[in-house]
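Participant: Input my_file17.csv, format and content: CSV, C-alpha atoms.
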chain,number,residue,atom,x,y,z
A,78,MET,CA,0.0,0.0,0.0
A,79,ARG,CA,2.8,2.4,0.9
A,80,ALA,CA,4.5,1.8,-2.5
A,81,LEU,CA,1.2,2.6,-4.3
A,82,ILE,CA,0.9,5.9,-2.4
A,83,LEU,CA,4.5,6.8,-3.4
A,84,ILE,CA,3.8,6.0,-7.0
A,85,LEU,CA,0.6,8.0,-7.0
A,86,ALA,CA,2.3,10.9,-5.3
A,87,ALA,CA,5.0,10.9,-8.0
A,88,LEU,CA,2.6,10.9,-10.9
A,89,PRO,CA,2.3,14.7,-11.2
A,90,VAL,CA,6.1,14.9,-11.6
A,91,PHE,CA,5.8,12.8,-14.8
A,92,ALA,CA,2.6,14.4,-16.1
A,93,SER,CA,2.7,16.8,-19.0
A,94,ALA,CA,2.8,20.5,-18.1
A,95,ALA,CA,1.7,21.6,-21.6
A,96,THR,CA,-0.9,24.3,-21.2
A,97,LEU,CA,-3.4,25.1,-24.0
A,98,ARG,CA,-4.1,28.8,-23.6
A,99,GLU,CA,-6.3,29.4,-26.6
A,100,VAL,CA,-7.6,27.5,-29.6
A,101,THR,CA,-10.0,28.8,-32.3
A,102,VAL,CA,-11.3,27.3,-35.5
A,103,ASP,CA,-13.3,29.2,-38.1
A,104,HIS,CA,-14.8,28.4,-41.5
A,105,VAL,CA,-15.3,31.2,-44.0
A,106,ASP,CA,-16.0,30.8,-47.7
A,107,GLY,CA,-14.6,27.2,-47.9
A,108,THR,CA,-11.4,28.1,-46.0
A,109,TYR,CA,-10.6,26.8,-42.5
A,110,VAL,CA,-8.5,28.9,-40.1
A,111,MET,CA,-7.1,27.6,-36.8
A,112,ARG,CA,-5.1,29.5,-34.3
A,113,SER,CA,-3.7,28.2,-31.0
A,114,GLU,CA,-1.4,29.2,-28.3
A,115,VAL,CA,0.4,26.6,-26.1
A,116,TRP,CA,2.9,26.8,-23.4
A,117,PHE,CA,5.3,23.8,-23.3
A,118,ASP,CA,7.5,22.9,-20.4
A,119,VAL,CA,10.4,22.4,-22.8
A,120,GLY,CA,13.2,24.7,-23.9
A,121,ILE,CA,12.9,26.6,-27.2
A,122,GLU,CA,15.7,24.7,-28.9
A,123,LYS,CA,14.1,21.3,-28.5
A,124,ILE,CA,10.5,22.3,-29.4
A,125,PHE,CA,11.7,24.3,-32.4
A,126,ALA,CA,13.9,21.5,-33.7
A,127,LEU,CA,11.2,18.9,-33.3
A,128,LEU,CA,8.5,20.9,-35.1
A,129,LEU,CA,11.0,21.6,-37.9
A,130,ASP,CA,11.6,17.9,-38.5
A,131,TRP,CA,8.8,16.6,-40.7
A,132,ASP,CA,10.0,13.0,-40.2
A,133,GLN,CA,8.6,13.3,-36.6
A,134,SER,CA,5.1,14.5,-37.6
A,135,THR,CA,3.5,11.0,-37.6
A,136,LYS,CA,4.2,10.8,-33.9
A,137,PHE,CA,2.0,13.9,-33.2
A,138,SER,CA,-1.3,12.7,-34.6
A,139,SER,CA,-2.9,9.6,-35.8
A,140,VAL,CA,-4.3,11.6,-38.8
A,141,ILE,CA,-0.8,12.0,-40.2
A,142,VAL,CA,0.0,8.6,-41.6
A,143,GLU,CA,3.2,9.6,-43.5
A,144,SER,CA,5.5,12.6,-43.4
A,145,ARG,CA,9.1,13.3,-44.2
A,146,ASN,CA,11.6,16.0,-45.0
A,147,LEU,CA,12.5,16.2,-48.7
A,148,ALA,CA,15.7,17.4,-50.4
A,149,PRO,CA,15.9,21.2,-50.5
A,150,ALA,CA,14.4,23.0,-53.5
A,151,ALA,CA,16.7,24.5,-56.1
A,152,ASP,CA,16.4,27.9,-54.4
A,153,GLY,CA,17.5,26.3,-51.1
A,154,ARG,CA,14.2,26.3,-49.3
A,155,GLY,CA,13.4,23.2,-47.2
A,156,ARG,CA,10.7,20.9,-48.6
A,157,PHE,CA,8.3,18.5,-47.0
A,158,TYR,CA,5.7,15.8,-47.8
A,159,SER,CA,2.8,14.6,-45.7
A,160,ARG,CA,-0.1,12.3,-46.2
A,161,ASN,CA,-3.0,12.6,-43.8
A,162,GLN,CA,-6.0,10.3,-43.6
A,163,GLY,CA,-9.3,11.1,-41.9
A,164,CYS,CA,-13.0,10.4,-41.9
A,165,LEU,CA,-16.0,12.6,-41.5
A,166,TRP,CA,-18.6,10.0,-40.6
A,167,PHE,CA,-19.0,7.8,-43.7
A,168,PHE,CA,-16.7,10.0,-45.9
A,169,CYS,CA,-13.0,9.0,-45.7
A,170,LYS,CA,-10.2,10.6,-47.5
A,171,SER,CA,-6.4,10.4,-47.8
A,172,PHE,CA,-4.9,13.7,-48.8
A,173,GLU,CA,-1.3,14.8,-49.6
A,174,ARG,CA,0.6,17.9,-49.1
A,175,TYR,CA,3.9,18.8,-50.8
A,176,GLY,CA,5.4,22.1,-49.8
A,177,TYR,CA,8.2,24.4,-48.7
A,178,VAL,CA,9.5,25.3,-45.3
A,179,GLU,CA,11.1,28.5,-44.3
A,180,HIS,CA,12.3,29.4,-40.8
A,181,GLU,CA,14.3,31.7,-38.6
A,182,PRO,CA,15.9,29.7,-35.8
A,183,PHE,CA,13.9,30.0,-32.5
A,184,LYS,CA,11.6,32.6,-34.0
A,185,PHE,CA,9.3,31.0,-36.6
A,186,ILE,CA,8.6,28.2,-39.0
A,187,GLU,CA,6.4,28.7,-42.0
A,188,ALA,CA,5.2,25.8,-44.2
A,189,THR,CA,3.4,26.6,-47.5
A,190,ILE,CA,2.1,23.9,-49.9
A,191,ASP,CA,2.6,23.7,-53.6
A,192,PRO,CA,-1.1,23.6,-54.8
A,193,GLU,CA,-0.2,21.9,-58.1
A,194,LYS,CA,1.1,18.8,-56.2
A,195,SER,CA,-1.2,18.9,-53.2
A,196,ASP,CA,-4.8,18.1,-52.5
A,197,PHE,CA,-5.4,21.7,-51.3
A,198,GLU,CA,-5.8,25.1,-52.9
A,199,VAL,CA,-4.3,26.6,-49.8
A,200,SER,CA,-2.6,25.0,-46.8
A,201,ASP,CA,-0.3,27.3,-44.9
A,202,GLU,CA,1.1,26.9,-41.4
A,203,ARG,CA,3.1,29.2,-39.1
A,204,TRP,CA,4.6,28.5,-35.7
A,205,GLU,CA,6.0,31.4,-33.7
A,206,PHE,CA,8.2,30.7,-30.7
A,207,HIS,CA,8.8,32.7,-27.5
A,208,GLU,CA,10.7,31.8,-24.3
A,209,GLU,CA,8.6,32.2,-21.2
A,210,ALA,CA,9.0,31.0,-17.6
A,211,SER,CA,11.7,28.3,-18.4
A,212,GLY,CA,9.5,26.9,-21.2
A,213,THR,CA,8.3,27.9,-24.7
A,214,VAL,CA,5.1,29.5,-26.0
A,215,VAL,CA,4.2,28.3,-29.5
A,216,ILE,CA,1.6,30.3,-31.4
A,217,TYR,CA,0.3,28.2,-34.3
A,218,ALA,CA,-1.7,29.5,-37.2
A,219,PHE,CA,-3.2,27.2,-39.9
A,220,ARG,CA,-5.2,28.1,-43.0
A,221,MET,CA,-6.5,25.6,-45.5
A,222,LYS,CA,-8.8,25.3,-48.4
A,223,PRO,CA,-9.2,21.7,-49.6
A,224,LYS,CA,-9.6,20.7,-53.2
A,225,PHE,CA,-11.7,17.7,-52.1
A,226,PHE,CA,-15.4,17.6,-51.4
A,227,ILE,CA,-16.6,18.2,-47.8
A,228,PRO,CA,-20.3,17.7,-47.3
A,229,PRO,CA,-21.6,21.3,-46.9
A,230,LEU,CA,-24.3,20.8,-44.3
A,231,ILE,CA,-22.4,18.8,-41.7
A,232,GLY,CA,-18.8,18.8,-43.0
A,233,PRO,CA,-17.6,22.2,-41.7
A,234,ALA,CA,-18.9,21.7,-38.2
A,235,ILE,CA,-17.3,18.2,-38.0
A,236,LEU,CA,-14.0,19.3,-39.5
A,237,LYS,CA,-13.8,22.2,-37.2
A,238,SER,CA,-14.3,19.9,-34.3
A,239,LYS,CA,-11.7,17.4,-35.5
A,240,LEU,CA,-9.1,20.2,-36.1
A,241,LYS,CA,-9.7,21.6,-32.6
A,242,ASN,CA,-9.8,18.2,-30.8
A,243,GLY,CA,-6.8,16.8,-32.8
A,244,GLY,CA,-4.7,19.9,-31.9
A,245,VAL,CA,-5.6,19.7,-28.2
A,246,ASN,CA,-4.8,16.0,-28.1
A,247,ALA,CA,-1.4,16.5,-29.8
A,248,ILE,CA,0.1,18.9,-27.4
A,249,ASP,CA,1.0,16.4,-24.7
A,250,ARG,CA,2.6,14.1,-27.3
A,251,ILE,CA,4.5,17.0,-28.8
A,252,GLU,CA,5.8,18.0,-25.3
A,253,ALA,CA,6.9,14.5,-24.4
A,254,LEU,CA,8.7,14.0,-27.7
A,255,ALA,CA,10.4,17.4,-27.5
A,256,ARG,CA,11.8,16.6,-24.0
A,257,ASP,CA,13.8,13.6,-25.4
A,258,TYR,CA,14.3,14.9,-29.0
A,259,ALA,CA,17.8,15.0,-30.4
A,260,PRO,CA,18.0,15.9,-34.1
A,261,ASP,CA,19.9,13.5,-36.4
A,262,GLY,CA,23.6,14.2,-36.1
A,263,ASP,CA,23.4,15.4,-32.4
Spit out the file's structure as C-alpha cells when you get a sec.
Facilitator:
Amino acid sequence: MRALILILAALPVFASAATLREVTVDHVDGTYVMRSEVWFDVGIEKIFALLLDWDQSTKFSSVIVESRNLAPAADGRGRFYSRNQGCLWFFCKSFERYGYVEHEPFKFIEATIDPEKSDFEVSDERWEFHEEASGTVVIYAFRMKPKFFIPPLIGPAILKSKLKNGGVNAIDRIEALARDYAPDGD
C-alpha cells in the first residue's frame, strides 16, 4: 500500500505540463482557419527542432500517416511531404501535401504547400516561438482550403471539431517527444 501511495504521489512529476491557452477554428467561404497558443514545459531549442523535423510528424497525430523531409528546392528552401487520412462519418479521404518550409531559428517556422502537387488550394502553417518561464510559448496559425469535397451541411462543423480536438490531443505528445528529442547528427 505504501508503494502505491508513493507511485501516485510521484505521478504529477511525470505528467505533462503543456498548457493550452487558446484555440479557435473558423470556416469562412470554404477556408478553415485555426489558431492556437500553447505553453510547453520544454526549452525553445528542442521544441523548435522537433517541429521543424517533418520526419517526426506522424508521432503527433494519428491523422498524419506519412510525413518526411524532402531534399531542398533549387532555391535552397526546405521541402516536406505529408499524407493525412481522416474520416467525417462515412466520408473517408487520404490527402497529400507537398510544400516548402522557411524558418528563422527559434523565432518562426512557415510551411506553405505547392497547390499543383497537393490536395489543397491553400494549406499554410506558421509556428511562432517565444521563451517564457523556463518553457516555450508556441503560437500556431493554420489556414487551409481543400480541393476535395466536404459535405456542406455537416462537414464544416465536424471538420472544425476534428481540427480543434486533434490539436488539443497532440500537445501532450509533442511536449513528451520534445523533451527527449535529439536531431539527427546530435
Participant: Rounded to one decimal in Å, what is the spacing between CA of Ser139 (chain A) and CA of Arg250 (chain A)?
Facilitator: 11.1 Å
Participant: So which one's closest to Arg156 (chain A), A:Ile121, A:Leu129, A:Met221, A:Ala255? Using all atoms listed in the file, please.
Facilitator: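 Counting all atoms listed in the file, the residue closest to Arg156 (chain A) is A:Leu129.
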Participant: Please provide as a list of chain:residue names all residues within 6 Å of Asp196 (chain A), with the sequence filter that same-chain residues fewer than 2 positions apart are discarded (counting only C-alpha atoms).
Facilitator: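 Skipping anything fewer than 2 positions along the chain leaves A:Phe172, A:Glu173, A:Lys224.
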Participant: Please report the interatomic distance between CA of Ser195 (chain A) and CA of Phe167 (chain A) in Å with one decimal.
Facilitator: 23.0 Å
Participant: Would you pick out the contacts of Phe197 (chain A) at 10 Å or less, using all atoms listed in the file, so that residues sharing its chain but fewer than 2 positions from it are not included, and give the list as a list in words?
Facilitator: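 Returned residues: Phe172, Glu173, Arg174, Tyr175, Ile190, Asp191, Pro192, Glu193, Lys194, Ser195, Val199, Ser200, Asp201, Met221, Lys222, Pro223, Lys224 and Phe225 of chain A.
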Participant: Here is a test: counting all atoms listed in the file, which residue of A:Leu254, A:Phe206, A:Ala259, A:Leu147 is nearest to Glu181 (chain A)?
Facilitator: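 Of A:Leu254, A:Phe206, A:Ala259, A:Leu147, the one nearest Glu181 (chain A) is A:Phe206, counting all atoms listed in the file.
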Participant: In Å to one decimal, how far is CA of Ala95 (chain A) from CA of Glu122 (chain A)?
Facilitator: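 Between CA of Glu122 (chain A) and CA of Ala95 (chain A) the gap works out to 16.1 Å.
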Participant: Rank nothing, just name the residue among A:Ala218, A:Leu128, A:Ala210, A:Ala234 nearest to Val105 (chain A), using all atoms listed in the file.
Facilitator: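 Smallest distance to Val105 (chain A) is found for A:Ala234.
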Participant: From the list A:Asp152, A:Glu179, A:Asp132, A:Glu202, which residue is nearest Val110 (chain A) when using all atoms listed in the file?
Facilitator: A:Glu202
